[in-house]
$ cat start.cif   # mmCIF, C-alpha atoms
data_protein
loop_
_atom_site.label_atom_id
_atom_site.label_comp_id
_atom_site.auth_asym_id
_atom_site.auth_seq_id
_atom_site.Cartn_x
_atom_site.Cartn_y
_atom_site.Cartn_z
CA MET A 1 -34.22 27.77 -14.55
CA THR A 2 -36.36 27.78 -11.39
CA LEU A 3 -36.34 24.77 -9.07
CA HIS A 4 -40.12 24.60 -8.57
CA PRO A 5 -40.93 22.70 -11.81
CA LEU A 6 -38.05 20.30 -11.15
CA ILE A 7 -39.13 19.58 -7.58
CA ALA A 8 -42.75 19.13 -8.70
CA SER A 9 -41.63 16.69 -11.40
CA LEU A 10 -39.57 14.65 -8.95
CA ARG A 11 -42.47 14.50 -6.47
CA ARG A 12 -44.53 12.72 -9.11
CA HIS A 13 -41.80 10.08 -9.39
CA LYS A 14 -40.83 9.63 -5.76
CA LEU A 15 -40.14 5.89 -5.93
CA THR A 16 -37.92 5.88 -9.01
CA ALA A 17 -36.07 9.03 -7.93
CA GLY A 18 -35.63 7.64 -4.42
CA LEU A 19 -34.25 4.34 -5.69
CA LEU A 20 -31.77 6.13 -7.91
CA MET A 21 -30.71 8.36 -4.99
CA LEU A 22 -30.17 5.24 -2.89
CA GLN A 23 -28.10 3.62 -5.63
CA ILE A 24 -25.95 6.72 -5.94
CA ALA A 25 -25.52 6.88 -2.15
CA LEU A 26 -24.38 3.26 -1.94
CA THR A 27 -22.09 3.75 -4.93
CA CYS A 28 -20.58 6.82 -3.31
CA ALA A 29 -20.00 5.03 0.00
CA ILE A 30 -18.43 1.97 -1.59
CA VAL A 31 -16.37 3.72 -4.28
CA CYS A 32 -15.06 6.26 -1.78
CA ASN A 33 -13.72 3.55 0.53
CA VAL A 34 -12.52 1.38 -2.34
CA ALA A 35 -10.59 4.34 -3.78
CA PHE A 36 -9.01 4.87 -0.36
CA LEU A 37 -7.99 1.21 -0.22
CA ILE A 38 -6.62 1.32 -3.76
CA VAL A 39 -4.48 4.38 -3.03
CA GLY A 40 -3.17 2.67 0.11
CA ARG A 41 -2.30 -0.48 -1.84
CA VAL A 42 -0.55 1.53 -4.56
CA GLN A 43 1.48 3.40 -1.96
CA GLY A 44 2.47 0.07 -0.46
CA LEU A 45 3.66 -1.18 -3.84
CA ARG A 46 5.96 1.85 -4.01
CA THR A 47 7.55 1.21 -0.62
CA VAL A 48 11.20 2.24 -0.61
CA THR A 49 13.25 -0.56 0.92
CA GLY A 50 16.63 1.18 0.94
CA VAL A 51 18.15 -1.87 -0.75
CA ASP A 52 19.85 -1.82 -4.14
CA GLU A 53 17.09 -4.00 -5.54
CA ALA A 54 18.48 -4.25 -9.06
CA ARG A 55 21.76 -5.84 -7.87
CA THR A 56 20.86 -7.73 -4.69
CA ILE A 57 20.56 -11.52 -4.41
CA VAL A 58 19.42 -13.40 -1.30
CA ILE A 59 20.31 -17.05 -0.71
CA GLU A 60 18.82 -19.02 2.18
CA SER A 61 21.07 -21.70 3.64
CA SER A 62 20.38 -24.21 6.43
CA ARG A 63 23.10 -26.42 7.87
CA THR A 64 22.28 -29.92 9.04
CA GLN A 65 25.65 -30.80 10.59
CA PRO A 66 26.70 -29.59 14.06
CA GLY A 67 29.82 -27.52 14.44
CA ASN A 68 31.05 -23.98 14.76
CA LEU A 69 28.41 -22.18 12.75
CA LEU A 70 30.15 -18.80 12.72
CA SER A 71 33.42 -20.29 11.47
CA ALA A 72 31.57 -22.17 8.76
CA GLN A 73 29.73 -18.99 7.89
CA GLN A 74 33.02 -17.14 7.40
CA VAL A 75 34.17 -19.87 5.01
CA ASP A 76 30.94 -19.44 3.06
CA LEU A 77 31.36 -15.67 2.88
CA GLN A 78 34.93 -15.94 1.64
CA ALA A 79 33.80 -18.29 -1.10
CA LEU A 80 30.86 -16.07 -2.07
CA ARG A 81 32.99 -12.93 -2.22
CA ALA A 82 35.35 -14.76 -4.57
CA VAL A 83 32.56 -15.43 -7.09
CA PRO A 84 33.15 -13.30 -10.23
CA GLY A 85 30.66 -10.45 -10.29
CA VAL A 86 30.04 -10.32 -6.53
CA LEU A 87 30.64 -6.81 -5.18
CA SER A 88 29.95 -7.55 -1.51
CA ALA A 89 28.38 -10.22 0.68
CA ALA A 90 27.11 -10.56 4.24
CA ALA A 91 25.26 -13.06 6.43
CA VAL A 92 22.00 -11.60 7.73
CA ASN A 93 19.04 -12.79 9.77
CA THR A 94 16.48 -11.15 7.50
CA VAL A 95 16.00 -8.57 4.73
CA PRO A 96 13.22 -6.13 3.87
CA LEU A 97 10.01 -7.70 2.50
CA SER A 98 11.19 -11.23 3.30
CA ARG A 99 8.38 -11.76 5.88
CA ASP A 100 11.01 -13.19 8.28
CA THR A 101 10.26 -10.53 10.81
CA TRP A 102 11.52 -9.82 14.31
CA THR A 103 9.47 -6.92 15.63
CA THR A 104 9.52 -5.52 19.15
CA GLY A 105 8.47 -2.45 21.08
CA VAL A 106 11.00 0.36 21.40
CA SER A 107 11.09 3.64 23.28
CA ALA A 108 13.28 6.68 23.75
CA ALA A 109 13.29 6.41 27.54
CA PRO A 110 13.33 3.55 30.05
CA ASP A 111 10.68 2.59 32.57
CA LYS A 112 7.60 3.42 30.53
CA PRO A 113 4.38 3.13 32.59
CA ASN A 114 2.90 -0.38 32.50
CA GLY A 115 5.71 -1.54 30.24
CA GLY A 116 4.58 0.72 27.41
CA THR A 117 6.62 1.67 24.37
CA ASP A 118 6.73 4.61 21.98
CA THR A 119 6.37 2.46 18.86
CA THR A 120 7.39 -0.86 17.34
CA ALA A 121 10.38 -1.56 15.11
CA SER A 122 11.98 -4.49 13.31
CA ILE A 123 15.36 -5.85 14.40
CA LEU A 124 17.85 -6.71 11.67
CA GLY A 125 21.30 -8.13 12.29
CA GLY A 126 24.18 -9.40 10.24
CA SER A 127 27.89 -9.79 9.76
CA PRO A 128 30.34 -6.98 8.94
CA GLY A 129 29.65 -5.61 5.46
CA GLU A 130 25.85 -5.70 5.77
CA LEU A 131 25.54 -2.04 4.82
CA ALA A 132 27.60 -2.61 1.69
CA ALA A 133 25.83 -5.85 0.78
CA LEU A 134 22.41 -4.17 0.88
CA ASP A 135 23.79 -0.82 -0.32
CA LEU A 136 22.26 1.05 2.62
CA HIS A 137 23.18 4.73 2.80
CA LEU A 138 24.24 6.37 6.05
CA VAL A 139 22.97 9.91 6.45
CA ALA A 140 24.65 10.38 9.83
CA GLY A 141 27.16 8.59 12.01
CA ARG A 142 29.19 5.50 11.17
CA ASP A 143 29.01 1.79 10.48
CA PHE A 144 29.76 -0.73 13.24
CA ASP A 145 33.37 -1.51 14.07
CA ALA A 146 34.50 -5.11 13.74
CA ALA A 147 35.00 -5.34 17.51
CA GLU A 148 31.37 -4.40 18.15
CA TYR A 149 29.90 -7.54 16.56
CA VAL A 150 28.57 -10.12 19.00
CA PRO A 151 27.09 -13.59 18.35
CA MET A 152 23.37 -13.49 19.00
CA GLU A 153 23.49 -16.91 20.74
CA ALA A 154 20.33 -18.17 19.10
CA SER A 155 20.59 -21.53 20.90
CA ASN A 156 20.73 -19.73 24.26
CA GLY A 157 17.59 -17.63 24.00
CA TYR A 158 19.37 -14.87 22.04
CA ALA A 159 21.42 -14.01 25.10
CA GLY A 160 23.91 -12.18 22.92
CA LEU A 161 21.54 -9.23 22.76
CA THR A 162 22.54 -8.32 26.30
CA HIS A 163 26.15 -7.82 25.17
CA ILE A 164 25.34 -5.43 22.30
CA ASN A 165 25.74 -1.74 23.02
CA ASN A 166 25.26 0.10 19.73
CA ALA A 167 22.59 0.36 17.05
CA ILE A 168 21.89 1.94 13.69
CA VAL A 169 18.37 3.25 13.13
CA THR A 170 16.46 4.58 10.16
CA ARG A 171 15.81 8.26 9.65
CA ALA A 172 12.06 7.65 10.01
CA LEU A 173 12.44 5.89 13.37
CA ALA A 174 14.81 8.58 14.62
CA GLY A 175 12.30 11.26 13.69
CA ARG A 176 9.58 9.36 15.55
CA LEU A 177 11.58 8.88 18.75
CA TRP A 178 13.50 12.17 18.86
CA PRO A 179 11.62 14.72 16.76
CA GLY A 180 13.72 17.78 16.05
CA LEU A 181 16.77 16.34 17.82
CA PRO A 182 19.91 14.65 16.45
CA ALA A 183 19.69 10.88 16.84
CA LEU A 184 23.42 10.21 17.20
CA GLY A 185 24.34 9.46 20.79
CA GLN A 186 20.73 8.91 21.84
CA ALA A 187 19.74 5.69 23.60
CA ILE A 188 17.00 3.52 22.16
CA TYR A 189 15.43 1.11 24.62
CA VAL A 190 14.32 -2.41 23.74
CA HIS A 191 12.76 -4.11 26.77
CA ASP A 192 14.53 -1.50 28.93
CA ARG A 193 17.88 -2.49 27.40
CA PRO A 194 19.62 0.63 26.02
CA TYR A 195 21.44 0.69 22.68
CA ARG A 196 23.44 3.77 21.76
CA VAL A 197 22.70 5.12 18.27
CA THR A 198 25.94 5.33 16.29
CA GLY A 199 24.46 5.70 12.81
CA VAL A 200 21.34 6.63 10.85
CA VAL A 201 20.45 5.11 7.47
CA GLU A 202 18.16 6.81 5.01
CA HIS A 203 15.82 3.84 4.46
CA LEU A 204 15.49 0.24 5.62
CA ALA A 205 12.01 -1.23 5.23
CA GLN A 206 10.67 -3.83 7.62
CA PRO A 207 10.57 -7.53 6.61
CA SER A 208 6.80 -7.39 7.08
CA LEU A 209 5.18 -4.03 6.52
CA GLY A 210 2.93 -2.93 9.33
CA MET A 211 0.83 0.13 9.95
CA ALA A 212 0.90 2.98 7.46
CA GLY A 213 3.77 5.36 8.13
CA GLN A 214 5.79 2.79 10.08
CA ASP A 215 7.17 0.68 7.24
CA ASP A 216 10.62 2.25 7.68
CA TYR A 217 10.87 1.72 11.45
CA SER A 218 13.92 -0.56 11.60
CA ILE A 219 16.96 -1.09 13.83
CA MET A 220 20.24 -2.68 12.82
CA LEU A 221 22.32 -4.40 15.51
CA PRO A 222 25.92 -5.71 15.25
CA MET A 223 24.56 -9.20 15.71
CA LEU A 224 26.26 -12.23 14.16
CA VAL A 225 23.73 -14.81 13.02
CA ASP A 226 24.79 -18.08 14.65
CA ALA A 227 21.59 -19.98 13.87
CA THR A 228 21.53 -23.04 11.61
CA ARG A 229 19.52 -21.05 9.09
CA VAL A 230 21.03 -17.91 7.63
CA MET A 231 20.49 -15.61 4.68
CA TYR A 232 23.40 -14.57 2.48
CA ALA A 233 22.87 -11.17 0.90
CA LEU A 234 24.98 -10.59 -2.20
CA ARG A 235 25.35 -7.43 -4.25
CA ALA A 236 26.41 -8.26 -7.78
CA ASP A 237 26.75 -6.67 -11.18
CA ALA A 238 23.24 -6.16 -12.53
CA ASP A 239 24.00 -7.86 -15.85
CA ARG A 240 25.63 -10.90 -14.20
CA ARG A 241 23.10 -11.73 -11.49
CA ASP A 242 21.87 -15.01 -12.95
CA ARG A 243 25.40 -16.34 -13.41
CA VAL A 244 26.32 -15.16 -9.92
CA MET A 245 23.31 -16.97 -8.44
CA ARG A 246 24.25 -20.27 -10.08
CA ALA A 247 27.91 -19.93 -9.19
CA ALA A 248 27.12 -18.97 -5.58
CA ILE A 249 24.92 -22.04 -5.09
CA ASP A 250 27.62 -24.27 -6.58
CA ARG A 251 30.23 -22.80 -4.21
CA LEU A 252 28.03 -23.32 -1.16
CA ASN A 253 27.19 -26.90 -2.12
CA ALA A 254 30.86 -27.65 -2.75
CA ILE A 255 31.73 -26.48 0.76
CA ASP A 256 28.93 -28.43 2.46
CA PRO A 257 26.95 -30.84 0.29
CA GLU A 258 24.72 -31.69 3.26
CA ARG A 259 23.37 -28.19 3.64
CA ILE A 260 19.88 -27.30 2.46
CA ILE A 261 19.72 -24.43 -0.01
CA GLY A 262 16.38 -22.71 0.38
CA ARG A 263 14.94 -19.95 -1.74
CA THR A 264 17.45 -18.14 -3.94
CA ARG A 265 15.94 -14.97 -5.30
CA ARG A 266 16.83 -11.65 -6.78
CA PHE A 267 15.47 -8.87 -4.61
CA GLU A 268 13.10 -7.85 -7.38
CA GLN A 269 11.52 -11.31 -7.03
CA ILE A 270 11.27 -10.83 -3.26
CA ARG A 271 9.32 -7.63 -3.88
CA ARG A 272 7.04 -9.33 -6.41
CA ASP A 273 6.39 -12.26 -4.08
CA TYR A 274 5.62 -9.95 -1.17
CA PHE A 275 3.14 -7.81 -3.08
CA ARG A 276 1.57 -10.56 -5.23
CA ARG A 277 -1.59 -10.72 -3.15
CA ASP A 278 -1.74 -6.93 -3.03
CA VAL A 279 -1.60 -6.73 -6.82
CA THR A 280 -4.41 -9.29 -7.07
CA MET A 281 -6.47 -7.43 -4.50
CA LEU A 282 -5.79 -4.16 -6.30
CA GLY A 283 -7.19 -5.61 -9.52
CA LEU A 284 -10.29 -6.91 -7.75
CA LEU A 285 -10.92 -3.59 -6.01
CA LEU A 286 -10.46 -1.63 -9.22
CA ALA A 287 -12.74 -3.98 -11.16
CA SER A 288 -15.45 -3.78 -8.49
CA ALA A 289 -15.31 0.02 -8.39
CA LEU A 290 -15.46 0.37 -12.17
CA GLY A 291 -18.25 -2.19 -12.37
CA LEU A 292 -20.28 -0.34 -9.76
CA LEU A 293 -19.77 2.97 -11.55
CA PHE A 294 -20.81 1.37 -14.84
CA VAL A 295 -24.01 -0.04 -13.32
CA THR A 296 -24.80 3.32 -11.73
CA GLY A 297 -24.27 5.07 -15.06
CA LEU A 298 -26.61 2.61 -16.73
CA GLY A 299 -29.20 3.28 -14.04
CA VAL A 300 -29.04 7.02 -14.58
CA ALA A 301 -29.23 6.67 -18.37
CA GLY A 302 -32.05 4.12 -18.17
CA LEU A 303 -34.16 6.28 -15.87
CA ALA A 304 -33.60 9.34 -18.04
CA SER A 305 -34.65 7.41 -21.15
CA PHE A 306 -37.76 6.17 -19.37
CA TRP A 307 -38.69 9.70 -18.34
CA VAL A 308 -38.18 10.96 -21.90
CA GLN A 309 -40.71 8.42 -23.18
CA GLN A 310 -43.09 9.12 -20.32
CA ARG A 311 -42.94 12.90 -20.82
CA TYR A 312 -43.14 12.86 -24.60
CA ARG A 313 -46.30 14.96 -24.67
CA GLN A 314 -45.14 17.44 -22.00
CA ILE A 315 -41.90 18.02 -23.86
CA GLY A 316 -43.77 18.66 -27.10
CA ILE A 317 -46.08 21.16 -25.38
CA ARG A 318 -43.12 23.01 -23.85
CA ARG A 319 -41.47 23.16 -27.25
CA ALA A 320 -44.71 24.47 -28.80
CA ILE A 321 -44.98 27.32 -26.30
CA GLY A 322 -41.42 28.47 -26.86
CA ALA A 323 -39.01 26.25 -24.97
CA THR A 324 -35.74 25.81 -26.83
CA ARG A 325 -33.73 22.64 -27.18
CA ARG A 326 -31.29 24.06 -24.68
CA ASP A 327 -34.12 24.51 -22.14
CA ILE A 328 -35.15 20.86 -22.47
CA LEU A 329 -31.53 19.72 -22.21
CA ARG A 330 -30.92 21.83 -19.11
CA HIS A 331 -34.12 20.53 -17.50
CA PHE A 332 -32.91 16.95 -17.56
CA GLN A 333 -29.40 17.94 -16.51
CA TYR A 334 -30.62 19.95 -13.52
CA GLU A 335 -33.05 17.24 -12.58
CA ASN A 336 -30.28 14.69 -12.64
CA GLY A 337 -28.06 17.05 -10.64
CA ILE A 338 -30.67 17.29 -7.87
CA ILE A 339 -31.01 13.50 -7.64
CA VAL A 340 -27.27 12.90 -7.71
CA GLY A 341 -26.61 15.72 -5.25
CA ALA A 342 -29.10 14.35 -2.75
CA GLY A 343 -27.65 10.88 -3.20
CA LEU A 344 -24.13 12.20 -2.59
CA VAL A 345 -25.13 13.83 0.69
CA LEU A 346 -26.52 10.52 1.91
CA GLY A 347 -23.56 8.70 0.40
CA ALA A 348 -21.05 10.83 2.32
CA VAL A 349 -22.67 9.80 5.59
CA CYS A 350 -22.70 6.16 4.50
CA ALA A 351 -19.04 6.36 3.44
CA LEU A 352 -17.99 7.56 6.90
CA LEU A 353 -20.08 4.88 8.59
CA LEU A 354 -18.60 2.19 6.35
CA ASN A 355 -15.09 3.43 7.07
CA ALA A 356 -15.80 3.37 10.81
CA MET A 357 -16.89 -0.26 10.52
CA LEU A 358 -13.75 -1.17 8.54
CA MET A 359 -11.60 0.62 11.10
CA SER A 360 -13.09 -1.37 13.96
CA ARG A 361 -12.89 -4.76 12.25
CA TYR A 362 -9.80 -4.58 10.05
CA GLU A 363 -7.68 -1.84 11.69
CA LEU A 364 -7.79 0.36 8.60
CA PRO A 365 -6.87 4.05 8.92
CA ARG A 366 -9.47 6.77 8.98
CA LEU A 367 -10.86 7.89 5.64
CA PRO A 368 -9.46 11.33 4.70
CA LEU A 369 -12.30 13.76 4.10
CA GLY A 370 -10.79 14.77 0.76
CA TYR A 371 -12.04 11.53 -0.76
CA LEU A 372 -15.67 12.62 -0.28
CA PRO A 373 -15.67 15.65 -2.64
CA ALA A 374 -13.43 13.82 -5.11
CA THR A 375 -15.82 10.87 -5.30
CA GLY A 376 -18.80 13.22 -5.39
CA LEU A 377 -17.38 15.12 -8.33
CA CYS A 378 -16.70 11.86 -10.15
CA LEU A 379 -20.28 10.66 -9.66
CA LEU A 380 -21.71 14.05 -10.60
CA LEU A 381 -19.78 14.02 -13.87
CA LEU A 382 -20.81 10.41 -14.44
CA GLY A 383 -24.46 11.35 -13.93
CA GLN A 384 -24.23 14.24 -16.37
CA LEU A 385 -22.54 12.07 -18.99
CA ALA A 386 -25.12 9.31 -18.53
CA VAL A 387 -28.07 11.69 -18.90
CA TRP A 388 -26.57 13.55 -21.86
CA SER A 389 -27.77 11.21 -24.61
CA PRO A 390 -31.39 10.83 -23.37
CA ALA A 391 -31.56 14.57 -22.73
CA ARG A 392 -30.38 15.38 -26.26
CA ARG A 393 -32.93 12.96 -27.65
CA ALA A 394 -35.65 14.73 -25.67
CA ALA A 395 -34.44 18.11 -26.92
CA THR A 396 -34.88 17.01 -30.56
CA ILE A 397 -38.56 16.01 -30.20
CA PRO A 398 -40.53 18.10 -32.75
CA PRO A 399 -43.41 20.03 -31.12
CA VAL A 400 -45.95 19.08 -33.80
CA SER A 401 -45.24 15.37 -33.78
CA ALA A 402 -45.31 15.26 -30.01
CA ILE A 403 -48.73 16.95 -29.90
CA ARG A 404 -50.15 14.67 -32.63
CA ALA A 405 -48.90 11.63 -30.76
CA SER A 406 -50.96 12.65 -27.77
#
$ encode --input "start.cif" --output "structure tokens"
Amino acid sequence: MTLHPLIASLRRHKLTAGLLMLQIALTCAIVCNVAFLIVGRVQGLRTVTGVDEARTIVIESSRTQPGNLLSAQQVDLQALRAVPGVLSAAAVNTVPLSRDTWTTGVSAAPDKPNGGTDTTASILGGSPGELAALDLHLVAGRDFDAAEYVPMEASNGYAGLTHINNAIVTRALAGRLWPGLPALGQAIYVHDRPYRVTGVVEHLAQPSLGMAGQDDYSIMLPMLVDATRVMYALRADADRRDRVMRAAIDRLNAIDPERIIGRTRRFEQIRRDYFRRDVTMLGLLLASALGLLFVTGLGVAGLASFWVQQRYRQIGIRRAIGATRRDILRHFQYENGIIVGAGLVLGAVCALLLNAMLMSRYELPRLPLGYLPATGLCLLLLGQLAVWSPARRAATIPPVSAIRAS
């Protein structure tokens, strides 16, 4: 089929064709960016924390009475480890996805110009047994020795950090700081304070996820939590978690009835709480994208139906002079393809401009170019499906009845 009759037909309907092209362009721009946001949200929901989520329990405890907090903490841990079903326990300052974050700039070398850093990472500390309590897996090096643990001196501006010498980092952070090199023995600098890497864990997600690709940038320090508020991480038998939670709370209250027991959650609940807003946003984004596609499909089908009624006589004449049903069907399909194609070209430009605006205002990453052809193909198929029924109806118009109707 030659393009000349199609172009001539569209020129006679410039306004309606132009409005449909504009609708398709806006749909392309919005759906393309919404799809990118949805994929990002879904990837976030699948974040690997490194924790044995099915067997981990986290209890928040705050003491109200003064005293030796570390000694009291050891009494708590002994009681918790004695609870039937508890496999391991540790006192920690935070856990992945808890939102209790301690993030700082880190670098692989000291004296960065203007105080710069290579990247940012989260600091996690805890008592001996933290690796076992969270079921973190070392891929290189060793766990901390008991003699390496130092109180963090929370009441003294965290002065204990100056007495810590060693650190455990994640594989992702090691690859960022020392690409292609072994991390063991390297020095990681936090505010120009060096910590020697003695171990590398496979995964340990940040308490608050940050930029894409940096969710696993975490550092573990042999840092005893001597603050009034502490988290107890317990790893228990999966089928006894609820009983362990109740028994653990009873043990802690028996030791110190004056303490305040905060949130007590299975790690699965921590994950659900963290991503609750993301799940809601995901539903809204998906509904808006599907709604926009539905409206666009209705617009294509409505315009095609209108043109079938408007061209009733012309279709009958073409059928009378030898045009087959397939010719009529292809005419409407090609015509729709031209309109959609032109709209997609404009929509691709609008999609990039919209992404640039989102990047500047909301610090979103750049839109991968692969989303443009994928969205274009989706809209092209949608246009062909929407025009299929009106086009088939046009192809069944009898030549004689069409001519008589004129």
$ closest_residue --input "start.cif" --among "A:Ala29, A:Ala90, A:Val83, A:Leu15" --to "Leu379 in chain A" --atoms "all atoms listed in the file"
A:Ala29
$ atom_distance --input "start.cif" --atom1 "CA of Val345 in chain A" --atom2 "CA of Ala289 in chain A"
19.2 Å
$ residues_around --input "start.cif" --residues "Ile249 in chain A" --least-positions-apart "3" --cutoff "12 Å" --atoms "all atoms listed in the file" --output "compact mmCIF listing (two decimals) with C-alpha atoms, in the frame of the given file"
# COMPACT_ATOMS: atom_id res chain seq x y z
CA ILE A 57 20.56 -11.52 -4.41
CA VAL A 58 19.42 -13.40 -1.30
CA ILE A 59 20.31 -17.05 -0.71
CA GLU A 60 18.82 -19.02 2.18
CA SER A 61 21.07 -21.70 3.64
CA ASP A 76 30.94 -19.44 3.06
CA ALA A 79 33.80 -18.29 -1.10
CA LEU A 80 30.86 -16.07 -2.07
CA VAL A 83 32.56 -15.43 -7.09
CA TYR A 232 23.40 -14.57 2.48
CA LEU A 234 24.98 -10.59 -2.20
CA ASP A 242 21.87 -15.01 -12.95
CA ARG A 243 25.40 -16.34 -13.41
CA VAL A 244 26.32 -15.16 -9.92
CA MET A 245 23.31 -16.97 -8.44
CA ARG A 246 24.25 -20.27 -10.08
CA LEU A 252 28.03 -23.32 -1.16
CA ASN A 253 27.19 -26.90 -2.12
CA ALA A 254 30.86 -27.65 -2.75
CA ILE A 255 31.73 -26.48 0.76
CA ASP A 256 28.93 -28.43 2.46
CA PRO A 257 26.95 -30.84 0.29
CA ARG A 259 23.37 -28.19 3.64
CA ILE A 260 19.88 -27.30 2.46
CA ILE A 261 19.72 -24.43 -0.01
CA GLY A 262 16.38 -22.71 0.38
CA ARG A 263 14.94 -19.95 -1.74
CA THR A 264 17.45 -18.14 -3.94
CA ARG A 265 15.94 -14.97 -5.30
$ residues_around --input "start.cif" --residues "Leu131 in chain A" --least-positions-apart "5" --cutoff "9 Å" --atoms "all atoms listed in the file" --output "ChimeraX atom specification"
/A:90,136-138,143
$ closest_residue --input "start.cif" --among "A:Gly105, A:Pro128, A:Gly157, A:Gly185" --to "Gly141 in chain A" --atoms "all atoms listed in the file"
A:Gly185
$ atom_distance --input "start.cif" --atom1 "CA of Thr101 in chain A" --atom2 "CA of Ile219 in chain A"
12.0 Å
$ atom_distance --input "start.cif" --atom1 "CA of Gly129 in chain A" --atom2 "CA of Ser88 in chain A"
7.2 Å
$ axis_aligned_box --input "start.cif" --around "range 217-232 of chain A" --padding-each-side "8 Å" --output "lines of an AutoDock Vina configuration file"
center_x = 18.6
center_y = -10.7
center_z = 9.1
size_x = 31.4
size_y = 40.8
size_z = 29.2
$ resolve_selection --input "start.cif" --expression "the PyMOL selection byres ((chain A and resi 64) around 7)" --output "number ranges by chain"
A: 62-63, 65-66, 258-259
$ closest_residue --input "start.cif" --among "A:Asp273, A:Asp226, A:Asp237, A:Asp192" --to "Gly125 in chain A" --atoms "all atoms listed in the file"
A:Asp226
$ closest_residue --input "start.cif" --among "A:Ala147, A:Cys350, A:Leu20, A:Val95" --to "Gly302 in chain A" --atoms "all atoms listed in the file"
A:Leu20
$ closest_residue --input "start.cif" --among "A:Leu37, A:Asp327, A:Gly337, A:Gly322" --to "Gly283 in chain A" --atoms "only C-alpha atoms"
A:Leu37
$ residues_around --input "start.cif" --residues "Met223 in chain A" --least-positions-apart "3" --cutoff "10 Å" --atoms "all atoms listed in the file" --output "list of chain:residue names"
A:Val92, A:Asn93, A:Ile123, A:Leu124, A:Gly125, A:Gly126, A:Ser127, A:Pro128, A:Glu148, A:Tyr149, A:Val150, A:Pro151, A:Met152, A:Glu153, A:Tyr158, A:Gly160, A:Leu161, A:His163, A:Ile164, A:Ala167, A:Met220, A:Asp226
$ closest_residue --input "start.cif" --among "A:Ala236, A:Leu221, A:Ile315, A:Val106" --to "Leu177 in chain A" --atoms "only C-alpha atoms"
A:Val106
